[in-house]
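Enquirer: Contents are compact mmCIF, C-alpha atoms; file name protein-v7.txt:
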```
# COMPACT_ATOMS: atom_id res chain seq x y z
CA MET A 172 114.34 93.19 60.26
CA SER A 173 113.90 96.62 61.85
CA ILE A 174 116.05 99.56 60.92
CA GLN A 175 118.54 100.47 63.66
CA ILE A 176 119.47 104.13 63.96
CA LYS A 177 121.74 106.24 66.13
CA VAL A 178 120.64 109.79 66.94
CA ASN A 179 123.31 112.46 67.26
CA ASN A 180 122.88 116.03 68.47
CA ASN A 181 124.66 119.37 68.31
CA VAL A 182 123.08 120.93 71.38
CA ARG A 183 126.46 121.54 72.99
CA LYS A 184 127.72 123.29 69.83
CA PHE A 185 124.65 125.52 69.54
CA ARG A 186 124.92 126.43 73.19
CA PHE A 187 128.51 127.45 72.66
CA PHE A 188 127.60 129.66 69.70
CA SER A 189 124.77 131.27 71.68
CA ASN A 190 127.12 133.30 73.86
CA GLU A 191 128.18 130.14 75.70
CA MET A 192 124.73 129.62 77.11
CA THR A 193 124.84 127.42 80.20
CA GLN A 194 122.95 124.17 80.54
CA ALA A 195 120.85 125.74 83.28
CA GLU A 196 119.90 128.67 81.05
CA LEU A 197 118.92 126.37 78.20
CA ALA A 198 116.96 124.17 80.60
CA GLU A 199 115.06 127.14 81.97
CA GLN A 200 114.20 128.49 78.53
CA VAL A 201 112.86 125.22 77.17
CA GLY A 202 111.16 124.26 80.45
CA VAL A 203 113.09 121.17 81.53
CA SER A 204 115.61 120.34 84.24
CA ARG A 205 119.35 120.77 83.82
CA GLN A 206 119.74 117.00 84.23
CA THR A 207 117.60 116.49 81.14
CA ILE A 208 119.86 118.77 79.09
CA ILE A 209 122.93 116.89 80.40
CA SER A 210 121.33 113.58 79.39
CA ILE A 211 120.39 114.88 75.92
CA GLU A 212 123.88 116.24 75.27
CA SER A 213 125.52 112.99 76.33
CA GLY A 214 123.12 111.01 74.11
CA LYS A 215 121.63 109.08 77.02
CA TYR A 216 118.15 110.50 76.58
CA LEU A 217 116.23 111.12 73.37
CA PRO A 218 113.93 114.12 73.81
CA SER A 219 110.35 114.16 72.60
CA LEU A 220 109.56 115.77 69.28
CA GLU A 221 107.99 118.71 71.09
CA LEU A 222 111.09 119.38 73.21
CA SER A 223 113.31 118.99 70.13
CA PHE A 224 111.24 121.65 68.36
CA ARG A 225 111.45 123.92 71.40
CA ILE A 226 115.25 123.63 71.41
CA ALA A 227 115.38 124.27 67.64
CA GLU A 228 113.07 127.27 68.01
CA LEU A 229 115.26 128.69 70.77
CA PHE A 230 118.38 128.51 68.59
CA LYS A 231 116.40 129.71 65.53
CA VAL A 232 117.47 126.77 63.39
CA SER A 233 115.73 123.77 61.88
CA ILE A 234 115.44 120.61 63.94
CA SER A 235 117.65 118.70 61.51
CA GLU A 236 120.54 121.04 62.25
CA ILE A 237 120.44 120.06 65.89
CA PHE A 238 119.44 116.42 65.64
CA SER A 239 120.66 114.02 63.00
CA TYR A 240 120.71 110.27 62.65
CA GLU A 241 122.75 107.56 61.04
CA VAL A 242 121.56 104.15 60.04
CA LEU A 243 123.48 101.40 61.75
CA THR A 244 124.53 98.47 59.66
CA ASP A 245 125.68 95.09 60.96
CA MET B 242 123.10 114.40 93.01
CA SER B 243 120.03 116.13 91.58
CA TYR B 244 116.91 117.13 93.51
CA GLN B 245 114.91 114.27 91.99
CA GLU B 246 117.60 111.73 92.95
CA LYS B 247 117.73 113.03 96.51
CA LYS B 248 113.93 112.99 96.73
CA THR B 249 113.81 109.41 95.45
CA ALA B 250 116.53 108.30 97.89
CA VAL B 251 114.67 109.91 100.81
CA THR B 252 111.41 108.23 99.74
CA VAL B 253 113.12 104.81 99.58
CA ILE B 254 114.71 105.25 103.02
CA LEU B 255 111.39 106.40 104.44
CA GLY B 256 109.67 103.37 102.86
CA VAL B 257 112.19 101.01 104.50
CA ILE B 258 111.74 102.70 107.88
CA LEU B 259 107.95 102.43 107.63
CA LEU B 260 108.20 98.77 106.56
CA VAL B 261 110.43 97.95 109.54
CA ALA B 262 108.11 99.91 111.85
CA TYR B 263 105.09 97.96 110.62
CA CYS B 264 106.91 94.62 111.01
CA LEU B 265 107.85 95.63 114.57
CA PHE B 266 104.18 96.40 115.17
CA ILE B 267 102.65 93.20 113.75
CA LEU B 268 105.13 90.64 115.12
CA PRO B 269 104.30 91.30 118.80
CA GLN B 270 100.58 91.19 117.91
CA TYR B 271 100.98 87.63 116.68
CA GLN B 272 103.10 86.72 119.70
CA LEU B 273 100.47 88.19 122.02
CA GLY B 274 97.96 85.94 120.31
CA VAL B 275 95.65 88.51 118.79
CA ASN B 276 92.77 86.71 117.14
CA SER B 277 93.63 86.39 113.45
CA GLU B 278 89.94 86.42 112.59
CA ASP B 279 89.48 89.82 114.22
CA LEU B 280 89.44 91.65 110.93
CA LYS B 281 88.16 94.86 112.49
CA PHE B 282 91.34 95.12 114.57
CA TRP B 283 93.60 94.46 111.59
CA ALA B 284 91.71 96.78 109.26
CA SER B 285 91.80 99.63 111.79
CA SER B 286 95.52 98.96 112.47
CA ILE B 287 96.33 99.06 108.75
CA LEU B 288 94.25 102.21 108.23
CA THR B 289 95.98 103.89 111.18
CA PHE B 290 99.35 102.89 109.80
CA ILE B 291 98.49 104.23 106.32
CA GLY B 292 97.37 107.51 107.92
CA ILE B 293 100.62 107.79 109.89
CA SER B 294 102.63 107.00 106.71
CA ILE B 295 100.90 109.78 104.78
CA ILE B 296 101.48 112.32 107.58
CA VAL B 297 105.15 111.31 107.98
CA ASN B 298 105.60 111.52 104.20
CA ILE B 299 104.16 115.04 104.06
CA ILE B 300 106.34 116.19 106.98
CA ILE B 301 109.47 114.69 105.37
CA GLN B 302 108.69 116.33 102.01
CA ILE B 303 108.17 119.73 103.68
CA GLY B 304 111.40 119.30 105.65
CA PHE B 305 113.18 118.30 102.45
CA HIS B 306 111.88 121.40 100.67
CA ILE B 307 113.04 123.66 103.51
CA SER B 308 116.50 122.06 103.61
CA LEU B 309 116.76 122.55 99.83
CA ALA B 310 115.92 126.26 100.21
CA ILE B 311 118.51 126.62 103.00
CA SER B 312 121.23 124.82 101.03
CA ILE B 313 120.55 126.99 97.95
CA ALA B 314 120.67 130.16 100.08
CA ILE B 315 124.00 129.06 101.62
CA ASN B 316 125.53 128.00 98.28
CA GLU B 317 124.43 131.17 96.49
CA ARG B 318 125.47 133.32 99.45
CA THR B 319 122.44 135.54 99.02
CA GLY B 320 119.40 136.49 101.02
CA ASN B 321 117.51 137.52 97.88
CA GLU B 322 114.21 135.68 98.21
CA ASP B 323 113.26 136.00 94.52
CA HIS B 324 116.58 134.53 93.44
CA ILE B 325 116.25 131.64 95.90
CA ASN B 326 112.66 130.95 94.82
CA LYS B 327 113.72 130.96 91.18
CA LYS B 328 116.54 128.49 91.93
CA ILE B 329 114.17 126.24 93.89
CA LYS B 330 111.68 126.30 91.03
CA LEU B 331 114.47 125.36 88.59
CA GLU B 332 115.68 122.53 90.82
CA MET B 333 112.21 121.14 91.37
CA VAL B 334 111.00 121.24 87.78
CA GLU B 335 109.49 117.93 86.62
CA ASP B 336 109.76 117.31 82.92
CA GLU B 337 109.12 114.58 80.34
CA ARG B 338 112.24 112.63 81.35
CA ASP B 339 111.03 112.47 84.95
CA HIS B 340 107.63 111.23 83.78
CA ILE B 341 109.18 108.50 81.61
CA ILE B 342 111.41 107.35 84.49
CA GLU B 343 108.40 107.42 86.81
CA LEU B 344 106.34 105.29 84.42
CA LYS B 345 109.17 102.77 83.95
CA SER B 346 109.68 102.38 87.69
CA LEU B 347 105.95 102.32 88.43
CA ARG B 348 105.72 99.21 86.24
CA PHE B 349 108.06 97.33 88.60
CA GLY B 350 106.03 98.42 91.60
CA TYR B 351 102.84 97.15 89.96
CA TYR B 352 104.46 93.79 89.11
CA PHE B 353 105.34 93.28 92.76
CA ALA B 354 101.95 94.46 94.06
CA GLY B 355 100.23 92.18 91.52
CA ALA B 356 102.32 89.23 92.68
CA GLY B 357 101.38 90.14 96.25
CA LEU B 358 97.69 90.02 95.40
CA LEU B 359 98.12 86.53 93.91
CA ILE B 360 100.10 85.32 96.94
CA SER B 361 97.47 86.72 99.30
CA LEU B 362 94.70 84.92 97.39
CA PHE B 363 96.72 81.68 97.52
CA SER B 364 97.08 82.14 101.27
CA LEU B 365 93.27 82.12 101.54
CA VAL B 366 93.05 79.01 99.34
CA LEU B 367 95.61 77.28 101.58
CA GLY B 368 93.43 78.03 104.60
CA TYR B 369 95.36 80.85 106.25
CA PRO B 370 93.30 83.44 108.15
CA ALA B 371 92.11 86.58 106.37
CA ALA B 372 94.39 88.71 108.59
CA ILE B 373 97.40 87.02 106.97
CA MET B 374 95.99 87.90 103.56
CA LEU B 375 95.57 91.55 104.58
CA ASN B 376 99.12 91.71 105.93
CA ILE B 377 100.59 90.05 102.83
CA LEU B 378 98.75 92.60 100.69
CA LEU B 379 99.99 95.56 102.69
CA LEU B 380 103.56 94.28 102.95
CA THR B 381 103.84 93.55 99.21
CA PHE B 382 102.44 97.00 98.43
CA MET B 383 105.04 98.55 100.71
CA ILE B 384 107.90 96.45 99.30
CA GLY B 385 106.63 97.19 95.76
CA SER B 386 106.78 100.90 96.55
CA ILE B 387 110.38 100.53 97.81
CA ILE B 388 111.36 98.58 94.67
CA GLU B 389 109.74 101.30 92.55
CA GLY B 390 111.90 103.90 94.31
CA ILE B 391 115.08 101.85 93.86
CA VAL B 392 114.38 101.36 90.13
CA GLN B 393 113.62 105.08 89.79
CA TYR B 394 116.92 105.93 91.48
CA TYR B 395 118.73 103.49 89.18
CA TYR B 396 117.27 105.14 86.05
CA TYR B 397 118.18 108.62 87.32
CA ARG B 398 121.79 107.53 87.91
CA LYS B 399 121.95 105.67 84.61
CA ASN B 400 120.68 108.62 82.56
CA SER B 401 122.70 111.35 84.24
```
Produce structure tokens that represent the structure in this file.
Expert:
Amino acid sequence: MSIQIKVNNNVRKFRFFSNEMTQAELAEQVGVSRQTIISIESGKYLPSLELSFRIAELFKVSISEIFSYEVLTD
Amino acid sequence: MSYQEKKTAVTVILGVILLVAYCLFILPQYQLGVNSEDLKFWASSILTFIGISIIVNIIIQIGFHISLAISIAINERTGNEDHINKKIKLEMVEDERDHIIELKSLRFGYYFAGAGLLISLFSLVLGYPAAIMLNILLLTFMIGSIIEGIVQYYYYRKNS
């Protein structure tokens, strides 16, 4: 039986605490489209490890502060 | 609707128009009784059609790019070229999500094109002329490309 996990993120929160950075500004600084940031924030798209590190580097925090997971149990 | 969604929608519509145009071209040929064994005629027709498709596609993409620049200039209410170029660059950026969606949709296109190849080979086995095989191949490739675009559009809408 494989382990099922749910990935959560705090991108919206970190944006807010970075002088209310807009999605477009974040997208530009990490080199993706605004639609990708929207999808990440809504949990519909899981970013690659590289993009996750870029986002973490931008906010000067560790990746685990932005992305976390919970194990789903039946 | 994002730039990528609009671009995909335009590509699908263009694909349908080209498919209809090709069908309108080949049907009269059969009715006029063009020799089905005249492979040179069919090969040159298909090559001409592919050439026209590529040229039309390039023109549409350029037109699309210009209309995007105009719409950004109108929305931003500025004539600042640097600002407009920066906005266009931001709108047009292709990232990892686009590549994943492209790969997922490409798979569907390949399934259909692969099925088309099998059907075209069966048509030869069943004794149909080689021109039929060529047309089945081209039509399934075109329909596969349209399906690819529709799936791509679906994934963009689903993930936004």
Enquirer: Using all atoms listed in the file, select each residue of chain A with any atom at most 9 Å away from an atom of chain B, and give the selection as a compact mmCIF listing (two decimals) with C-alpha atoms, keeping the file's coordinate frame.
Expert:
```
# COMPACT_ATOMS: atom_id res chain seq x y z
CA ALA A 195 120.85 125.74 83.28
CA ALA A 198 116.96 124.17 80.60
CA GLU A 199 115.06 127.14 81.97
CA GLY A 202 111.16 124.26 80.45
CA VAL A 203 113.09 121.17 81.53
CA SER A 204 115.61 120.34 84.24
CA ARG A 205 119.35 120.77 83.82
CA GLN A 206 119.74 117.00 84.23
CA THR A 207 117.60 116.49 81.14
CA ILE A 209 122.93 116.89 80.40
CA SER A 210 121.33 113.58 79.39
CA SER A 213 125.52 112.99 76.33
CA LYS A 215 121.63 109.08 77.02
CA TYR A 216 118.15 110.50 76.58
CA PRO A 218 113.93 114.12 73.81
CA SER A 219 110.35 114.16 72.60
CA LEU A 222 111.09 119.38 73.21
```
Enquirer: Which residue out of B:Ile341, B:Phe349, B:Phe266, B:Gly304 has the minimum interatomic distance to Thr289 in chain B when all atoms listed in the file are used?
Expert: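 So, comparing all the options, the nearest one is B:Phe266.
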Enquirer: Which of these residues is nearest to Glu196 in chain A, using all atoms listed in the file: B:Leu365, B:Gln302, B:Ala354, B:Lys328?
Expert: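 Smallest separation from Glu196 in chain A among the options: B:Lys328.
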Enquirer: Could you work out how far CA of Val392 in chain B lies from CA of Ala356 in chain B, giving the answer in Å with one decimal?
Expert: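 Result for CA of Ala356 in chain B versus CA of Val392 in chain B: 17.3 Å, one decimal.
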Enquirer: With all atoms listed in the file as the basis for distance, which of B:Ile384, B:Leu379, B:Leu260, B:Val253 is at the shortest distance from Leu288 in chain B?
Expert: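 Once distances to Leu288 in chain B are computed over all atoms listed in the file, the minimum belongs to B:Leu379.
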Enquirer: I'd like the interatomic distance between CA of Leu380 in chain B and CA of Ala284 in chain B, to a tenth of an Å.
Expert: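 Distance between the two atoms: 13.7 Å.
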Enquirer: Just want the 12 Å neighbourhood of Lys231 in chain A, counted on all atoms listed in the file, with same-chain residues fewer than 6 positions away dropped. Output as a PyMOL selection string.
Expert: chain A and resi 185-186+188-189+224-225+237
Enquirer: Could you jot down the CA of Glu241 in chain A to CA of Leu229 in chain A separation for me, Å, one decimal place?
Expert: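 That distance, rounded to one decimal, is 24.4 Å.
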Enquirer: With all atoms listed in the file as the atoms that count, which of B:Leu273, B:Val251, B:Leu259, B:Ile387 lies nearest to Phe305 in chain B?
Expert: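 Among B:Leu273, B:Val251, B:Leu259, B:Ile387, it is B:Val251 that comes nearest to Phe305 in chain B.
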Enquirer: May I have the protein, DNA and RNA residues with any atom at most 12 Å from the point (114.9, 94.9, 61.0), counting all atoms listed in the file, written as a VMD selection string?
Expert: chain A and resid 172 to 176 242 to 245
Enquirer: Would you list the contacts of Tyr394 in chain B as a list in words, taking every protein, DNA or RNA residue within 10 Å and counting all atoms listed in the file, but skipping same-chain residues closer than 3 positions in sequence?
Expert: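 Here the qualifying residues turn out to be Gln245, Glu246, Lys247, Lys248, Thr249, Ala250, Val253, Ile342, Glu343, Ser346, Ile388, Glu389, Gly390, Ile391, Tyr397, Arg398 and Lys399 of chain B.
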Enquirer: Which of these residues is nearest to Leu375 in chain B, using only C-alpha atoms: B:Leu280, B:Val297, B:Ile303, B:Leu347?
Expert: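 Nearest to Leu375 in chain B: B:Leu280.
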